[in-house]
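Enquirer: Input target_7.csv, format and content: CSV, C-alpha atoms.
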```csv
chain,number,residue,atom,x,y,z
P,1,MET,CA,0.0,0.0,0.0
P,2,SER,CA,1.3,3.5,-0.8
P,3,GLU,CA,-0.1,5.4,2.2
P,4,MET,CA,0.2,2.9,5.0
P,5,SER,CA,1.3,-0.7,5.4
P,6,GLN,CA,-1.2,-3.5,5.8
P,7,ALA,CA,-0.4,-3.8,9.5
P,8,GLU,CA,-1.0,-0.1,10.1
P,9,ARG,CA,-4.5,0.0,8.5
P,10,ILE,CA,-7.4,0.6,10.8
P,11,VAL,CA,-9.7,-2.3,11.3
P,12,ASP,CA,-13.4,-1.4,11.2
P,13,TRP,CA,-14.6,-5.0,10.6
P,14,ASP,CA,-13.5,-8.4,11.6
P,15,VAL,CA,-14.8,-10.2,8.5
P,16,MET,CA,-15.8,-9.0,5.1
P,17,LEU,CA,-18.1,-11.6,3.4
P,18,SER,CA,-17.4,-12.0,-0.3
P,19,TYR,CA,-19.8,-14.2,-2.4
P,20,ARG,CA,-22.0,-14.3,-5.5
P,21,HIS,CA,-25.6,-13.5,-4.8
P,22,ALA,CA,-27.1,-16.1,-7.1
P,23,ARG,CA,-25.2,-18.9,-5.4
P,24,HIS,CA,-24.6,-18.0,-1.7
P,25,LYS,CA,-26.9,-15.1,-0.7
P,26,ILE,CA,-29.1,-17.1,1.7
P,27,THR,CA,-26.2,-19.0,3.2
P,28,VAL,CA,-24.1,-15.9,3.7
P,29,SER,CA,-27.0,-13.9,5.2
P,30,ARG,CA,-27.5,-16.6,7.8
P,31,LEU,CA,-23.8,-16.8,8.5
P,32,ALA,CA,-23.8,-13.0,9.1
P,33,GLY,CA,-26.5,-13.4,11.7
P,34,PHE,CA,-24.4,-16.1,13.6
P,35,LEU,CA,-21.3,-13.9,13.3
P,36,GLU,CA,-23.0,-10.9,14.9
P,37,GLU,CA,-24.4,-13.2,17.6
P,38,ALA,CA,-20.8,-14.4,18.3
P,39,GLY,CA,-19.6,-10.8,18.5
P,40,VAL,CA,-17.8,-10.8,15.2
P,41,ARG,CA,-18.2,-7.5,13.3
P,42,CYS,CA,-19.0,-8.5,9.7
P,43,TRP,CA,-19.3,-6.4,6.5
P,44,LEU,CA,-22.1,-7.7,4.3
P,45,ASP,CA,-23.0,-5.8,1.1
P,46,ILE,CA,-26.7,-6.2,1.4
P,47,GLN,CA,-26.6,-4.6,4.8
P,48,ARG,CA,-24.2,-1.7,3.7
P,49,ILE,CA,-25.2,-0.9,0.1
P,50,ASP,CA,-28.7,0.2,-1.0
P,51,GLN,CA,-29.9,-2.8,-3.1
P,52,SER,CA,-32.5,-0.8,-4.9
P,53,ILE,CA,-29.9,1.2,-6.7
P,54,ARG,CA,-27.5,-0.1,-9.4
P,55,LEU,CA,-24.2,1.6,-8.7
P,56,PRO,CA,-21.7,2.4,-11.4
P,57,GLU,CA,-19.1,-0.3,-11.5
P,58,GLU,CA,-16.2,2.1,-10.5
P,59,GLU,CA,-18.2,3.3,-7.5
P,60,LEU,CA,-18.9,-0.3,-6.4
P,61,ARG,CA,-15.3,-1.2,-6.8
P,62,ASN,CA,-14.3,1.7,-4.5
P,63,ILE,CA,-16.8,0.6,-1.9
P,64,LEU,CA,-15.6,-3.0,-1.9
P,65,ARG,CA,-12.0,-2.0,-1.8
P,66,ARG,CA,-12.5,0.2,1.3
P,67,ALA,CA,-14.4,-2.6,3.0
P,68,ALA,CA,-11.6,-5.1,2.2
P,69,GLU,CA,-8.9,-2.7,3.4
P,70,SER,CA,-10.7,-2.0,6.7
P,71,ALA,CA,-11.5,-5.7,7.5
P,72,ARG,CA,-9.3,-8.0,9.5
P,73,MET,CA,-9.9,-10.7,6.9
P,74,VAL,CA,-12.0,-11.4,3.8
P,75,LEU,CA,-14.0,-14.6,3.9
P,76,GLY,CA,-14.7,-15.8,0.4
P,77,PHE,CA,-17.2,-18.2,-1.1
P,78,PRO,CA,-15.4,-18.7,-4.4
P,79,SER,CA,-17.2,-18.5,-7.7
P,80,GLU,CA,-16.2,-18.3,-11.3
P,81,ASP,CA,-16.7,-15.4,-13.6
P,82,SER,CA,-19.9,-15.5,-15.5
P,83,VAL,CA,-21.8,-13.7,-18.3
P,84,ALA,CA,-25.2,-12.1,-18.5
P,85,MET,CA,-27.3,-10.9,-21.4
P,86,ASP,CA,-29.0,-7.5,-21.4
P,87,PRO,CA,-32.7,-8.2,-22.1
P,88,GLN,CA,-33.1,-4.9,-24.1
P,89,SER,CA,-29.9,-4.7,-26.2
P,90,GLY,CA,-29.2,-8.4,-26.3
P,91,SER,CA,-25.5,-7.7,-25.6
P,92,VAL,CA,-23.5,-10.0,-23.4
P,93,ARG,CA,-21.4,-8.7,-20.6
P,94,LYS,CA,-18.9,-10.4,-18.3
P,95,ILE,CA,-19.7,-10.5,-14.6
P,96,PRO,CA,-16.4,-10.9,-12.6
P,97,SER,CA,-16.0,-12.7,-9.4
P,98,TRP,CA,-15.8,-9.9,-6.9
P,99,LEU,CA,-13.7,-12.1,-4.6
P,100,PHE,CA,-10.7,-11.5,-6.9
P,101,TRP,CA,-11.1,-7.7,-6.7
P,102,GLU,CA,-11.5,-7.7,-2.9
P,103,ARG,CA,-8.6,-10.1,-2.2
P,104,GLN,CA,-6.2,-7.7,-3.8
P,105,PHE,CA,-6.5,-5.3,-0.8
P,106,ALA,CA,-7.2,-7.8,2.0
P,107,ARG,CA,-4.8,-8.5,4.9
P,108,GLU,CA,-5.8,-12.1,4.9
P,109,VAL,CA,-8.1,-14.3,2.8
P,110,LEU,CA,-9.9,-17.4,4.1
P,111,TRP,CA,-12.4,-19.2,2.0
P,112,VAL,CA,-15.2,-21.7,2.3
P,113,SER,CA,-15.5,-24.7,0.1
P,114,GLY,CA,-18.1,-27.3,1.0
P,115,ASN,CA,-17.9,-27.7,4.8
P,116,HIS,CA,-14.2,-26.8,5.0
P,117,LEU,CA,-12.6,-23.5,6.0
P,118,TYR,CA,-9.3,-22.9,4.0
P,119,ALA,CA,-6.2,-20.8,4.2
P,120,PHE,CA,-3.4,-20.7,1.7
P,121,PRO,CA,-1.7,-22.9,0.7
P,122,ASP,CA,-3.5,-26.0,1.9
P,123,THR,CA,-4.5,-25.5,5.5
P,124,TYR,CA,-8.1,-26.3,6.3
P,125,ILE,CA,-10.4,-27.3,9.1
P,126,ARG,CA,-13.8,-29.0,8.8
P,127,PHE,CA,-16.9,-27.4,10.3
P,128,TRP,CA,-20.4,-28.7,10.9
P,129,GLY,CA,-23.0,-26.1,10.1
P,130,LEU,CA,-23.0,-22.3,10.1
P,131,PRO,CA,-22.9,-21.8,13.9
P,132,HIS,CA,-19.7,-23.9,13.9
P,133,LEU,CA,-18.2,-21.8,11.1
P,134,ALA,CA,-19.1,-18.6,13.0
P,135,TYR,CA,-17.5,-20.0,16.1
P,136,PHE,CA,-14.2,-20.8,14.3
P,137,LEU,CA,-14.2,-17.3,12.8
P,138,GLY,CA,-14.8,-15.8,16.2
P,139,LEU,CA,-11.7,-17.7,17.5
P,140,ALA,CA,-9.6,-16.5,14.5
P,141,CYS,CA,-10.7,-13.0,15.2
P,142,GLY,CA,-9.6,-13.2,18.8
P,143,ARG,CA,-13.0,-13.3,20.6
P,144,GLY,CA,-11.7,-15.9,23.1
P,145,VAL,CA,-13.7,-16.2,26.3
P,146,ALA,CA,-16.4,-13.8,24.9
P,147,LEU,CA,-17.6,-16.7,22.9
P,148,ASN,CA,-18.7,-18.6,26.0
P,149,GLY,CA,-22.4,-17.7,25.6
P,150,PHE,CA,-22.4,-18.6,21.9
P,151,TRP,CA,-20.7,-21.9,22.7
P,152,THR,CA,-23.1,-22.7,25.4
P,153,LYS,CA,-26.1,-22.0,23.2
P,154,TYR,CA,-25.0,-24.1,20.2
P,155,PHE,CA,-22.5,-26.7,21.4
P,156,ALA,CA,-23.0,-27.5,25.1
P,157,GLN,CA,-25.5,-30.2,24.3
P,158,TRP,CA,-23.1,-32.0,22.0
P,159,PRO,CA,-21.7,-35.3,23.4
P,160,ARG,CA,-18.2,-34.8,24.7
P,161,ALA,CA,-16.8,-37.3,22.2
P,162,ASN,CA,-18.3,-35.3,19.3
P,163,GLN,CA,-17.0,-32.0,20.7
P,164,ILE,CA,-13.5,-33.4,20.7
P,165,ALA,CA,-13.8,-35.1,17.3
P,166,TYR,CA,-15.2,-32.1,15.5
P,167,HIS,CA,-13.2,-29.3,17.2
P,168,ALA,CA,-16.3,-28.1,19.0
P,169,GLY,CA,-15.1,-28.3,22.6
P,170,LYS,CA,-14.4,-25.1,24.6
P,171,LEU,CA,-11.6,-24.0,22.4
P,172,HIS,CA,-12.3,-20.4,23.4
P,173,GLU,CA,-10.9,-21.2,26.9
P,174,LEU,CA,-7.6,-22.5,25.5
P,175,PRO,CA,-4.5,-20.3,25.2
P,176,SER,CA,-4.3,-19.3,21.6
P,177,GLU,CA,-1.1,-21.3,20.9
P,178,PHE,CA,-3.1,-24.5,21.6
P,179,LEU,CA,-5.7,-23.8,18.9
P,180,PRO,CA,-5.5,-25.3,15.4
P,181,ARG,CA,-3.1,-23.0,13.5
P,182,LEU,CA,-5.8,-21.8,11.2
P,183,LEU,CA,-7.8,-20.4,14.2
P,184,GLN,CA,-4.9,-18.7,16.1
P,185,PRO,CA,-5.7,-15.0,16.1
P,186,ASN,CA,-2.2,-13.9,16.8
P,187,GLU,CA,-0.5,-16.3,14.4
P,188,ALA,CA,0.5,-14.6,11.2
P,189,ARG,CA,-0.5,-17.2,8.6
P,190,GLU,CA,2.5,-18.1,6.5
P,191,ARG,CA,1.2,-16.6,3.3
P,192,PRO,CA,-2.1,-14.9,4.2
P,193,ASN,CA,-2.8,-13.4,0.8
P,194,ALA,CA,-1.0,-15.3,-1.9
P,195,ILE,CA,-2.1,-16.2,-5.4
P,196,HIS,CA,-0.7,-18.1,-8.3
P,197,ALA,CA,0.5,-16.0,-11.2
P,198,TYR,CA,-1.5,-17.9,-13.7
P,199,SER,CA,-4.6,-16.9,-11.9
P,200,ILE,CA,-4.1,-13.2,-12.7
P,201,GLN,CA,-2.7,-13.4,-16.3
P,202,THR,CA,-5.9,-12.3,-17.9
P,203,ARG,CA,-7.5,-10.2,-15.1
P,204,SER,CA,-8.2,-6.8,-16.4
P,205,GLU,CA,-9.2,-5.6,-12.9
P,206,LEU,CA,-5.8,-6.2,-11.4
P,207,ALA,CA,-4.8,-3.0,-9.5
P,208,GLN,CA,-1.2,-1.7,-9.7
P,209,ASP,CA,-1.2,-1.2,-5.9
P,210,HIS,CA,-2.6,-4.7,-5.0
P,211,CYS,CA,-1.1,-6.3,-1.9
P,212,MET,CA,-1.2,-9.9,-3.0
P,213,GLU,CA,1.9,-12.1,-3.0
P,214,VAL,CA,2.2,-13.4,-6.6
P,215,PHE,CA,4.2,-16.5,-7.2
P,216,GLU,CA,4.8,-18.8,-10.1
```
Can you dump the structure from the file as structure tokens?

Expert:
Amino acid sequence: MSEMSQAERIVDWDVMLSYRHARHKITVSRLAGFLEEAGVRCWLDIQRIDQSIRLPEEELRNILRRAAESARMVLGFPSEDSVAMDPQSGSVRKIPSWLFWERQFAREVLWVSGNHLYAFPDTYIRFWGLPHLAYFLGLACGRGVALNGFWTKYFAQWPRANQIAYHAGKLHELPSEFLPRLLQPNEARERPNAIHAYSIQTRSELAQDHCMEVFE
């Protein structure tokens, strides 16, 4: 970053949620509710942007960039680029995956695929339902003992053996160094925002001042 380093940027949000409406809107909306309940401050576009107005693309890019820069992490639900046809003109336009744009300016990117939470390059942990994912993200954001009420509501009734097997015990009471590495709030992930060079070769929306680690 030209004005300030990633570490110096002010954090307004814990998690920015990045997703494609057509595929993940209901899931992400429910997750946002669990995150708020767990005390995790999340940025969700449908809560922060007037959905009745179609913003110019450049304005939307600026909004999403500011959100990514001011969040502790971007949580992505990956999707591919797609195309859409204008019903009046019949012209076809490309709809980019906004996760690519947002990750350029994120401190850290985690993503969800199936029922696994991933970090680069191949670190992952399995979760069982959205409350479980919200609990993991609360741990990763340093909520610690503040998660006790959330844990009691959603996991206290689980059999002890299941709590241990599925990482659903009272992890919030452990010192952070005993957490799975992916969930350690003070552990700088080895490569928190890295991307393969081949993934950006044809991206027209690549910003010159992006903060991704690009490797071959």

Enquirer: Between CA of Phe155 (chain P) and CA of Ala168 (chain P), measure the distance and give it in Å to one decimal.

Expert: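 That distance, rounded to one decimal, is 6.8 Å.
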
Enquirer: For the atom pair CA of Ala106 (chain P) and CA of Arg66 (chain P), what is the interatomic distance in Å to one decimal place?

Expert: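 Between CA of Ala106 (chain P) and CA of Arg66 (chain P) the gap is 9.6 Å.
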
Enquirer: Looking at only C-alpha atoms, which of P:Leu17, P:Met212, P:Ala38, P:Ala32 is the one that sits closest to Trp111 (chain P)?

Expert: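 Answer, going by the shortest atom-to-atom distance: P:Leu17.
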
Enquirer: Determine, counting all atoms listed in the file, which protein, DNA and RNA residues have an atom within 8 Å of an atom of Arg41 (chain P); residues of the same chain fewer than 3 positions away are not included. Present the result as a ChimeraX atom specification.

Expert: /P:13-15,35-36

Enquirer: Find the residues around His210 (chain P) up to 9 Å (all atoms listed in the file counted), leave out those fewer than 5 positions away in its own chain, and share them as a compact mmCIF listing (two decimals) with C-alpha atoms, in the frame of the given file.

Expert:
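Resulting contents of result-v3.txt:
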```txt
# COMPACT_ATOMS: atom_id res chain seq x y z
CA MET P 1 0.00 0.00 0.00
CA ARG P 103 -8.60 -10.10 -2.20
CA GLN P 104 -6.20 -7.70 -3.80
CA PHE P 105 -6.50 -5.30 -0.80
CA ALA P 106 -7.20 -7.80 2.00
```

Enquirer: For each of P:Val109, P:His132, P:Cys141, P:Pro121, take the minimum atom-to-atom distance to Phe215 (chain P), counting only C-alpha atoms, then give the residue where this is smallest.

Expert: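 Closest residue, counting only C-alpha atoms: P:Pro121.
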
Enquirer: Have a look at CA of Ala207 (chain P) and CA of Trp98 (chain P) and let me know their distance in Å, one decimal.

Expert: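 Here the two named atoms are 13.2 Å from each other.
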
Enquirer: Calculated over only C-alpha atoms, which of the candidates P:Thr123, P:Ser89, P:Thr27, P:Asn115 has the smallest distance to Arg181 (chain P)?

Expert: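 Ranking P:Thr123, P:Ser89, P:Thr27, P:Asn115 by distance to Arg181 (chain P), first place goes to P:Thr123.
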
Enquirer: When you count only C-alpha atoms, which of these residues is closest to Arg143 (chain P): P:Glu173, P:Asp45, P:Glu57, P:Glu69?

Expert: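 Looking at the shortest contact to Arg143 (chain P), the residue is P:Glu173.
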
Enquirer: Using only C-alpha atoms, can you tell me which of P:Lys153, P:Lys25, P:His196, P:Arg126 comes closest to Tyr166 (chain P)?

Expert: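 Of P:Lys153, P:Lys25, P:His196, P:Arg126, the one nearest Tyr166 (chain P), counting only C-alpha atoms, is P:Arg126.
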